[in-house]
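Asks: Here you go, this is model02.tsv (TSV, N, CA and C atoms).
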chain	number	residue	atom	x	y	z
A	27	MET	N	14.33	-20.38	-46.09
A	27	MET	CA	14.95	-19.26	-45.44
A	27	MET	C	15.46	-18.30	-46.53
A	28	ASP	N	15.04	-17.06	-46.42
A	28	ASP	CA	15.45	-16.11	-47.45
A	28	ASP	C	16.82	-15.49	-47.13
A	29	HIS	N	17.29	-14.66	-48.04
A	29	HIS	CA	18.61	-14.05	-47.93
A	29	HIS	C	18.75	-13.22	-46.65
A	30	PHE	N	17.69	-12.47	-46.30
A	30	PHE	CA	17.74	-11.60	-45.12
A	30	PHE	C	17.93	-12.42	-43.85
A	31	GLU	N	17.17	-13.50	-43.70
A	31	GLU	CA	17.28	-14.33	-42.50
A	31	GLU	C	18.67	-14.97	-42.40
A	32	LYS	N	19.22	-15.42	-43.53
A	32	LYS	CA	20.56	-16.00	-43.52
A	32	LYS	C	21.59	-14.97	-43.10
A	33	ASN	N	21.44	-13.74	-43.61
A	33	ASN	CA	22.38	-12.68	-43.29
A	33	ASN	C	22.31	-12.33	-41.80
A	34	ILE	N	21.11	-12.30	-41.23
A	34	ILE	CA	20.96	-11.98	-39.81
A	34	ILE	C	21.61	-13.07	-38.96
A	35	LYS	N	21.45	-14.33	-39.37
A	35	LYS	CA	22.06	-15.41	-38.60
A	35	LYS	C	23.59	-15.33	-38.64
A	36	ARG	N	24.12	-14.98	-39.80
A	36	ARG	CA	25.57	-14.87	-39.92
A	36	ARG	C	26.11	-13.63	-39.24
A	37	ASN	N	25.38	-12.52	-39.35
A	37	ASN	CA	25.81	-11.23	-38.78
A	37	ASN	C	24.71	-10.67	-37.88
A	38	PRO	N	24.59	-11.17	-36.65
A	38	PRO	CA	23.52	-10.66	-35.78
A	38	PRO	C	23.70	-9.17	-35.50
A	39	ILE	N	22.58	-8.48	-35.34
A	39	ILE	CA	22.61	-7.04	-35.06
A	39	ILE	C	23.00	-6.84	-33.60
A	40	THR	N	24.07	-6.13	-33.39
A	40	THR	CA	24.53	-5.85	-32.03
A	40	THR	C	24.87	-4.38	-31.93
A	41	GLN	N	24.97	-3.94	-30.71
A	41	GLN	CA	25.38	-2.56	-30.48
A	41	GLN	C	26.89	-2.47	-30.64
A	42	ASP	N	27.34	-1.55	-31.47
A	42	ASP	CA	28.79	-1.38	-31.60
A	42	ASP	C	29.27	-0.37	-30.56
A	43	ASP	N	30.57	-0.13	-30.56
A	43	ASP	CA	31.16	0.79	-29.59
A	43	ASP	C	30.60	2.20	-29.73
A	44	ARG	N	30.35	2.62	-30.95
A	44	ARG	CA	29.81	3.95	-31.19
A	44	ARG	C	28.43	4.08	-30.54
A	45	ASP	N	27.59	3.06	-30.73
A	45	ASP	CA	26.26	3.09	-30.13
A	45	ASP	C	26.33	3.12	-28.60
A	46	ARG	N	27.26	2.34	-28.04
A	46	ARG	CA	27.41	2.32	-26.59
A	46	ARG	C	27.87	3.68	-26.06
A	47	LEU	N	28.80	4.32	-26.78
A	47	LEU	CA	29.28	5.64	-26.37
A	47	LEU	C	28.16	6.68	-26.44
A	48	LEU	N	27.37	6.63	-27.52
A	48	LEU	CA	26.27	7.58	-27.63
A	48	LEU	C	25.23	7.36	-26.53
A	49	GLN	N	24.96	6.09	-26.21
A	49	GLN	CA	24.02	5.80	-25.13
A	49	GLN	C	24.56	6.32	-23.81
A	50	LYS	N	25.86	6.15	-23.59
A	50	LYS	CA	26.49	6.66	-22.38
A	50	LYS	C	26.38	8.18	-22.31
A	51	ASP	N	26.53	8.85	-23.46
A	51	ASP	CA	26.38	10.31	-23.50
A	51	ASP	C	24.98	10.72	-23.06
A	52	TYR	N	23.96	10.04	-23.56
A	52	TYR	CA	22.60	10.37	-23.15
A	52	TYR	C	22.40	10.13	-21.66
A	53	GLU	N	23.00	9.08	-21.14
A	53	GLU	CA	22.89	8.82	-19.70
A	53	GLU	C	23.55	9.94	-18.90
A	54	ASN	N	24.68	10.44	-19.38
A	54	ASN	CA	25.38	11.52	-18.69
A	54	ASN	C	24.62	12.84	-18.78
A	55	LEU	N	23.86	13.05	-19.85
A	55	LEU	CA	23.12	14.29	-20.01
A	55	LEU	C	21.92	14.38	-19.07
A	56	LYS	N	21.52	13.26	-18.47
A	56	LYS	CA	20.37	13.28	-17.56
A	56	LYS	C	20.58	14.28	-16.43
A	57	ASP	N	21.83	14.38	-15.95
A	57	ASP	CA	22.12	15.28	-14.83
A	57	ASP	C	21.84	16.73	-15.19
A	58	GLY	N	22.00	17.08	-16.46
A	58	GLY	CA	21.75	18.44	-16.90
A	58	GLY	C	20.29	18.71	-17.24
A	59	GLY	N	19.41	17.76	-16.99
A	59	GLY	CA	18.00	17.94	-17.27
A	59	GLY	C	17.60	17.48	-18.66
A	60	TYR	N	18.55	17.06	-19.48
A	60	TYR	CA	18.25	16.59	-20.83
A	60	TYR	C	18.08	15.09	-20.76
A	61	THR	N	16.88	14.64	-20.83
A	61	THR	CA	16.64	13.22	-20.67
A	61	THR	C	16.45	12.55	-22.02
A	62	ALA	N	16.54	11.24	-22.00
A	62	ALA	CA	16.32	10.47	-23.22
A	62	ALA	C	14.89	10.68	-23.70
A	63	ARG	N	13.97	10.89	-22.76
A	63	ARG	CA	12.57	11.13	-23.14
A	63	ARG	C	12.46	12.38	-24.02
A	64	LEU	N	13.19	13.44	-23.65
A	64	LEU	CA	13.16	14.66	-24.46
A	64	LEU	C	13.79	14.45	-25.82
A	65	ALA	N	14.86	13.65	-25.85
A	65	ALA	CA	15.52	13.37	-27.12
A	65	ALA	C	14.60	12.57	-28.04
A	66	ILE	N	13.92	11.58	-27.48
A	66	ILE	CA	12.98	10.77	-28.28
A	66	ILE	C	11.85	11.65	-28.79
A	67	TRP	N	11.35	12.52	-27.92
A	67	TRP	CA	10.28	13.44	-28.32
A	67	TRP	C	10.73	14.34	-29.46
A	68	ALA	N	11.96	14.82	-29.39
A	68	ALA	CA	12.47	15.70	-30.45
A	68	ALA	C	12.51	14.98	-31.80
A	69	TYR	N	12.93	13.73	-31.80
A	69	TYR	CA	12.93	12.96	-33.05
A	69	TYR	C	11.51	12.71	-33.54
A	70	ALA	N	10.61	12.43	-32.62
A	70	ALA	CA	9.22	12.16	-33.01
A	70	ALA	C	8.55	13.41	-33.57
A	71	GLU	N	8.88	14.58	-33.02
A	71	GLU	CA	8.28	15.83	-33.50
A	71	GLU	C	8.61	16.11	-34.96
A	72	VAL	N	9.83	15.81	-35.35
A	72	VAL	CA	10.23	16.08	-36.73
A	72	VAL	C	10.07	14.84	-37.61
A	73	ASP	N	9.47	13.80	-37.06
A	73	ASP	CA	9.15	12.57	-37.79
A	73	ASP	C	10.39	11.94	-38.40
A	74	GLU	N	11.43	11.81	-37.58
A	74	GLU	CA	12.67	11.15	-38.01
A	74	GLU	C	12.81	9.85	-37.22
A	75	PRO	N	13.49	8.87	-37.79
A	75	PRO	CA	13.69	7.62	-37.06
A	75	PRO	C	14.48	7.85	-35.77
A	76	ILE	N	14.15	7.10	-34.77
A	76	ILE	CA	14.84	7.22	-33.48
A	76	ILE	C	16.16	6.47	-33.58
A	77	PRO	N	17.27	7.11	-33.20
A	77	PRO	CA	18.58	6.44	-33.29
A	77	PRO	C	18.64	5.20	-32.39
A	78	ASN	N	19.48	4.28	-32.77
A	78	ASN	CA	19.61	3.02	-32.03
A	78	ASN	C	20.00	3.23	-30.58
A	79	GLU	N	20.82	4.24	-30.31
A	79	GLU	CA	21.27	4.43	-28.93
A	79	GLU	C	20.12	4.86	-28.01
A	80	LEU	N	19.04	5.36	-28.57
A	80	LEU	CA	17.89	5.75	-27.75
A	80	LEU	C	16.87	4.63	-27.59
A	81	LYS	N	16.98	3.59	-28.37
A	81	LYS	CA	15.98	2.52	-28.33
A	81	LYS	C	15.90	1.79	-26.99
A	82	PRO	N	17.01	1.55	-26.29
A	82	PRO	CA	16.86	0.94	-24.96
A	82	PRO	C	16.06	1.83	-24.00
A	83	PHE	N	16.27	3.16	-24.11
A	83	PHE	CA	15.51	4.08	-23.27
A	83	PHE	C	14.03	4.06	-23.65
A	84	LEU	N	13.76	4.01	-24.95
A	84	LEU	CA	12.38	3.96	-25.42
A	84	LEU	C	11.69	2.72	-24.90
A	85	ARG	N	12.38	1.60	-24.92
A	85	ARG	CA	11.81	0.36	-24.40
A	85	ARG	C	11.46	0.51	-22.92
A	86	GLU	N	12.36	1.11	-22.14
A	86	GLU	CA	12.10	1.33	-20.72
A	86	GLU	C	10.90	2.23	-20.51
A	87	LEU	N	10.80	3.29	-21.33
A	87	LEU	CA	9.67	4.21	-21.22
A	87	LEU	C	8.36	3.51	-21.53
A	88	LEU	N	8.37	2.68	-22.56
A	88	LEU	CA	7.15	1.99	-22.95
A	88	LEU	C	6.72	0.95	-21.92
A	89	LEU	N	7.68	0.36	-21.23
A	89	LEU	CA	7.35	-0.62	-20.21
A	89	LEU	C	6.97	0.04	-18.89
A	90	GLY	N	7.31	1.29	-18.73
A	90	GLY	CA	7.06	1.98	-17.47
A	90	GLY	C	5.63	2.48	-17.33
A	91	ASN	N	5.46	3.38	-16.40
A	91	ASN	CA	4.13	3.92	-16.12
A	91	ASN	C	3.62	4.77	-17.27
A	92	PHE	N	2.32	4.71	-17.50
A	92	PHE	CA	1.69	5.58	-18.46
A	92	PHE	C	0.58	6.35	-17.76
A	93	ARG	N	0.14	7.41	-18.38
A	93	ARG	CA	-0.85	8.27	-17.77
A	93	ARG	C	-2.12	7.47	-17.47
A	94	GLY	N	-2.59	7.52	-16.24
A	94	GLY	CA	-3.80	6.82	-15.84
A	94	GLY	C	-3.56	5.40	-15.36
A	95	LYS	N	-2.32	4.95	-15.37
A	95	LYS	CA	-2.04	3.57	-14.96
A	95	LYS	C	-2.36	3.35	-13.48
A	96	LYS	N	-2.01	4.31	-12.66
A	96	LYS	CA	-2.26	4.16	-11.22
A	96	LYS	C	-3.76	4.09	-10.94
A	97	GLN	N	-4.55	4.94	-11.59
A	97	GLN	CA	-5.99	4.91	-11.37
A	97	GLN	C	-6.59	3.59	-11.83
A	98	LYS	N	-6.11	3.09	-12.96
A	98	LYS	CA	-6.61	1.82	-13.47
A	98	LYS	C	-6.26	0.68	-12.54
A	99	ASN	N	-5.02	0.67	-12.05
A	99	ASN	CA	-4.60	-0.38	-11.12
A	99	ASN	C	-5.39	-0.32	-9.82
A	100	THR	N	-5.64	0.90	-9.33
A	100	THR	CA	-6.41	1.06	-8.10
A	100	THR	C	-7.84	0.57	-8.30
A	101	ALA	N	-8.45	0.93	-9.42
A	101	ALA	CA	-9.83	0.49	-9.70
A	101	ALA	C	-9.90	-1.03	-9.79
A	102	ASN	N	-8.91	-1.64	-10.43
A	102	ASN	CA	-8.88	-3.10	-10.53
A	102	ASN	C	-8.70	-3.75	-9.16
A	103	LYS	N	-7.89	-3.13	-8.31
A	103	LYS	CA	-7.67	-3.67	-6.98
A	103	LYS	C	-8.96	-3.64	-6.16
A	104	TRP	N	-9.69	-2.51	-6.22
A	104	TRP	CA	-10.95	-2.42	-5.48
A	104	TRP	C	-11.97	-3.41	-6.03
A	105	LEU	N	-12.02	-3.56	-7.34
A	105	LEU	CA	-12.95	-4.51	-7.93
A	105	LEU	C	-12.65	-5.93	-7.45
A	106	ASP	N	-11.37	-6.30	-7.39
A	106	ASP	CA	-11.00	-7.62	-6.89
A	106	ASP	C	-11.41	-7.80	-5.43
A	107	LEU	N	-11.22	-6.76	-4.63
A	107	LEU	CA	-11.60	-6.84	-3.21
A	107	LEU	C	-13.12	-6.98	-3.05
A	108	ILE	N	-13.87	-6.23	-3.86
A	108	ILE	CA	-15.33	-6.31	-3.80
A	108	ILE	C	-15.80	-7.70	-4.19
A	109	LYS	N	-15.19	-8.26	-5.23
A	109	LYS	CA	-15.53	-9.63	-5.63
A	109	LYS	C	-15.22	-10.62	-4.51
A	110	GLU	N	-14.09	-10.43	-3.86
A	110	GLU	CA	-13.70	-11.33	-2.78
A	110	GLU	C	-14.70	-11.25	-1.63
A	111	VAL	N	-15.16	-10.06	-1.31
A	111	VAL	CA	-16.17	-9.90	-0.25
A	111	VAL	C	-17.46	-10.60	-0.67
A	112	ALA	N	-17.90	-10.39	-1.89
A	112	ALA	CA	-19.14	-11.00	-2.37
A	112	ALA	C	-19.05	-12.53	-2.37
A	113	PHE	N	-17.91	-13.07	-2.80
A	113	PHE	CA	-17.73	-14.52	-2.77
A	113	PHE	C	-17.74	-15.05	-1.34
A	114	HIS	N	-17.13	-14.30	-0.43
A	114	HIS	CA	-17.13	-14.70	0.98
A	114	HIS	C	-18.55	-14.70	1.54
A	115	ILE	N	-19.34	-13.69	1.22
A	115	ILE	CA	-20.73	-13.64	1.68
A	115	ILE	C	-21.51	-14.82	1.10
A	116	ASN	N	-21.30	-15.09	-0.18
A	116	ASN	CA	-22.00	-16.18	-0.85
A	116	ASN	C	-21.63	-17.53	-0.23
A	117	LYS	N	-20.38	-17.68	0.15
A	117	LYS	CA	-19.90	-18.95	0.69
A	117	LYS	C	-20.31	-19.17	2.14
A	118	THR	N	-20.18	-18.12	2.97
A	118	THR	CA	-20.38	-18.29	4.41
A	118	THR	C	-21.72	-17.75	4.92
A	119	GLY	N	-22.33	-16.85	4.18
A	119	GLY	CA	-23.58	-16.24	4.64
A	119	GLY	C	-23.37	-15.13	5.65
A	120	ASP	N	-22.12	-14.65	5.81
A	120	ASP	CA	-21.84	-13.54	6.73
A	120	ASP	C	-22.56	-12.27	6.29
A	121	THR	N	-22.67	-11.32	7.20
A	121	THR	CA	-23.21	-10.01	6.84
A	121	THR	C	-22.17	-9.26	6.04
A	122	ASN	N	-22.60	-8.17	5.41
A	122	ASN	CA	-21.67	-7.36	4.61
A	122	ASN	C	-20.50	-6.85	5.45
A	123	GLU	N	-20.81	-6.35	6.65
A	123	GLU	CA	-19.76	-5.79	7.50
A	123	GLU	C	-18.78	-6.86	7.94
A	124	ASP	N	-19.29	-8.03	8.33
A	124	ASP	CA	-18.40	-9.11	8.77
A	124	ASP	C	-17.51	-9.60	7.63
A	125	ALA	N	-18.09	-9.70	6.44
A	125	ALA	CA	-17.31	-10.14	5.29
A	125	ALA	C	-16.22	-9.12	4.95
A	126	CYS	N	-16.55	-7.84	5.03
A	126	CYS	CA	-15.56	-6.79	4.76
A	126	CYS	C	-14.45	-6.83	5.80
A	127	GLU	N	-14.80	-7.05	7.05
A	127	GLU	CA	-13.77	-7.15	8.09
A	127	GLU	C	-12.87	-8.36	7.86
A	128	TYR	N	-13.47	-9.48	7.46
A	128	TYR	CA	-12.67	-10.68	7.19
A	128	TYR	C	-11.69	-10.44	6.04
A	129	VAL	N	-12.19	-9.91	4.92
A	129	VAL	CA	-11.33	-9.68	3.76
A	129	VAL	C	-10.27	-8.64	4.09
A	130	ALA	N	-10.62	-7.59	4.82
A	130	ALA	CA	-9.64	-6.56	5.19
A	130	ALA	C	-8.56	-7.15	6.09
A	131	SER	N	-8.92	-8.13	6.91
A	131	SER	CA	-7.93	-8.75	7.80
A	131	SER	C	-6.90	-9.56	7.02
A	132	LEU	N	-7.22	-9.94	5.78
A	132	LEU	CA	-6.29	-10.70	4.95
A	132	LEU	C	-5.20	-9.81	4.36
A	133	TYR	N	-5.45	-8.50	4.31
A	133	TYR	CA	-4.52	-7.56	3.69
A	133	TYR	C	-4.13	-6.50	4.72
A	134	ASP	N	-2.85	-6.22	4.79
A	134	ASP	CA	-2.35	-5.26	5.78
A	134	ASP	C	-2.77	-3.83	5.48
A	135	GLU	N	-2.78	-3.46	4.21
A	135	GLU	CA	-2.99	-2.06	3.85
A	135	GLU	C	-4.46	-1.68	3.69
A	136	ILE	N	-5.39	-2.62	3.87
A	136	ILE	CA	-6.82	-2.34	3.66
A	136	ILE	C	-7.51	-2.14	5.01
A	137	ASN	N	-8.26	-1.04	5.10
A	137	ASN	CA	-9.05	-0.74	6.29
A	137	ASN	C	-10.46	-1.30	6.08
A	138	ALA	N	-11.02	-1.96	7.09
A	138	ALA	CA	-12.33	-2.60	6.97
A	138	ALA	C	-13.43	-1.57	6.69
A	139	ASP	N	-13.36	-0.41	7.34
A	139	ASP	CA	-14.38	0.62	7.12
A	139	ASP	C	-14.33	1.16	5.69
A	140	THR	N	-13.14	1.35	5.18
A	140	THR	CA	-12.98	1.82	3.80
A	140	THR	C	-13.51	0.79	2.82
A	141	LEU	N	-13.19	-0.47	3.06
A	141	LEU	CA	-13.67	-1.54	2.20
A	141	LEU	C	-15.19	-1.63	2.25
A	142	TYR	N	-15.77	-1.49	3.43
A	142	TYR	CA	-17.23	-1.52	3.56
A	142	TYR	C	-17.86	-0.35	2.81
A	143	GLY	N	-17.24	0.83	2.91
A	143	GLY	CA	-17.75	1.99	2.18
A	143	GLY	C	-17.71	1.78	0.68
A	144	GLU	N	-16.64	1.18	0.18
A	144	GLU	CA	-16.54	0.87	-1.25
A	144	GLU	C	-17.55	-0.19	-1.64
A	145	TYR	N	-17.75	-1.16	-0.76
A	145	TYR	CA	-18.68	-2.26	-1.06
A	145	TYR	C	-20.12	-1.74	-1.19
A	146	LYS	N	-20.46	-0.74	-0.41
A	146	LYS	CA	-21.82	-0.21	-0.45
A	146	LYS	C	-22.11	0.65	-1.69
A	147	ARG	N	-21.07	1.10	-2.37
A	147	ARG	CA	-21.27	1.98	-3.53
A	147	ARG	C	-22.07	1.26	-4.61
A	148	GLY	N	-22.92	1.99	-5.27
A	148	GLY	CA	-23.73	1.43	-6.34
A	148	GLY	C	-22.93	1.05	-7.57
A	149	LYS	N	-21.72	1.52	-7.64
A	149	LYS	CA	-20.85	1.26	-8.78
A	149	LYS	C	-20.64	-0.24	-9.00
A	150	TYR	N	-20.66	-1.02	-7.92
A	150	TYR	CA	-20.37	-2.44	-8.01
A	150	TYR	C	-21.63	-3.31	-7.94
A	151	ARG	N	-22.78	-2.71	-8.09
A	151	ARG	CA	-24.04	-3.44	-7.92
A	151	ARG	C	-24.15	-4.64	-8.85
A	152	LYS	N	-23.84	-4.46	-10.12
A	152	LYS	CA	-24.00	-5.55	-11.09
A	152	LYS	C	-23.13	-6.76	-10.75
A	153	ILE	N	-21.88	-6.51	-10.45
A	153	ILE	CA	-20.98	-7.62	-10.17
A	153	ILE	C	-21.37	-8.31	-8.86
A	154	LYS	N	-21.79	-7.52	-7.86
A	154	LYS	CA	-22.22	-8.14	-6.59
A	154	LYS	C	-23.46	-8.99	-6.82
A	155	ASP	N	-24.42	-8.48	-7.59
A	155	ASP	CA	-25.65	-9.25	-7.84
A	155	ASP	C	-25.35	-10.54	-8.57
A	156	GLN	N	-24.44	-10.50	-9.52
A	156	GLN	CA	-24.08	-11.72	-10.26
A	156	GLN	C	-23.47	-12.76	-9.32
A	157	ILE	N	-22.61	-12.33	-8.45
A	157	ILE	CA	-21.93	-13.27	-7.56
A	157	ILE	C	-22.90	-13.79	-6.49
A	158	LEU	N	-23.67	-12.89	-5.89
A	158	LEU	CA	-24.56	-13.28	-4.80
A	158	LEU	C	-25.74	-14.11	-5.29
A	159	ASN	N	-26.13	-13.96	-6.54
A	159	ASN	CA	-27.27	-14.72	-7.05
A	159	ASN	C	-26.86	-16.00	-7.77
A	160	SER	N	-25.59	-16.34	-7.70
A	160	SER	CA	-25.16	-17.57	-8.38
A	160	SER	C	-25.19	-18.77	-7.45
As structure tokens, please, write out the structure in this file.
Replies:
Amino acid sequence: MDHFEKNIKRNPITQDDRDRLLQKDYENLKDGGYTARLAIWAYAEVDEPIPNELKPFLRELLLGNFRGKKQKNTANKWLDLIKEVAFHINKTGDTNEDACEYVASLYDEINADTLYGEYKRGKYRKIKDQILNS
């Protein structure tokens, strides 16, 4: 164990009162339209280190939504549904429409006609062929 690790164990890094007050100030500025996101952007533009009081906000931003996340999640959801329909057809021998109706009945928010329309798209041909020919 080197000197740095020993020092961290003896004196763990914590937020002091000053950091908590500054973080509280940023939270209060949200009402005026000045968000932590803008403050982080300002530091990034001038290539300066981000202050500790902004780091919790940065963590929240990084864990939150990013551009294109909804489209990616939607595409993955449809792909999973198409796979489920193909596996159901492979297992039971149902027609495409019957399998789509069955899978749609398992989920409240899915319409059978919409699922059938997605299933017919050529976009999923490769994955359907792999499942149906196995």
Asks: Might you pull out every residue within 8 Å of segment 93-106 of chain A, with all atoms listed in the file counted and same-chain residues fewer than 5 positions away left off, and present them as an MDAnalysis selection string?
Replies: chainID A and resid 111:112 144 150
Asks: Draw an axis-aligned box over all listed atoms of segment 121-133 of chain A, pad each side with 6 Å, and write its centre and edge lengths in Å, one decimal, as lines of an AutoDock Vina configuration file.
Replies:
center_x = -13.7
center_y = -8.6
center_z = 6.2
size_x = 31.1
size_y = 17.5
size_z = 17.1
Asks: Could you jot down the atom N of Asn116 of chain A to atom N of Leu158 of chain A separation for me, Å, one decimal place?
Replies: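 Taking atom N of Asn116 of chain A as the start and atom N of Leu158 of chain A as the end point, the length is 6.6 Å.
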Asks: Got a sec: who's within 6 Å of segment 139-143 of chain A, counting all atoms listed in the file, leaving out chain neighbours fewer than 3 positions off, as a list in words?
Replies: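 Neighbouring residues, sequence-local ones excluded: Cys126, Lys146 and Arg147 of chain A.
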Asks: If I take atom CA of Asp155 of chain A and atom CA of Glu135 of chain A, how far is one from the other in Å, to one decimal?
Replies: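 Here the two named atoms are 26.5 Å from each other.
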Asks: How far is it from atom CA of Ala70 of chain A to atom CA of Leu88 of chain A, in Å with one decimal?
Replies: 14.5 Å
Asks: So, with all atoms listed in the file as the atoms that count, which of A:Ala125, A:Leu80, A:Ile108, A:Ile115 lies closest to Ala138 of chain A?
Replies: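 That would be A:Ala125, the residue with the smallest distance to Ala138 of chain A.
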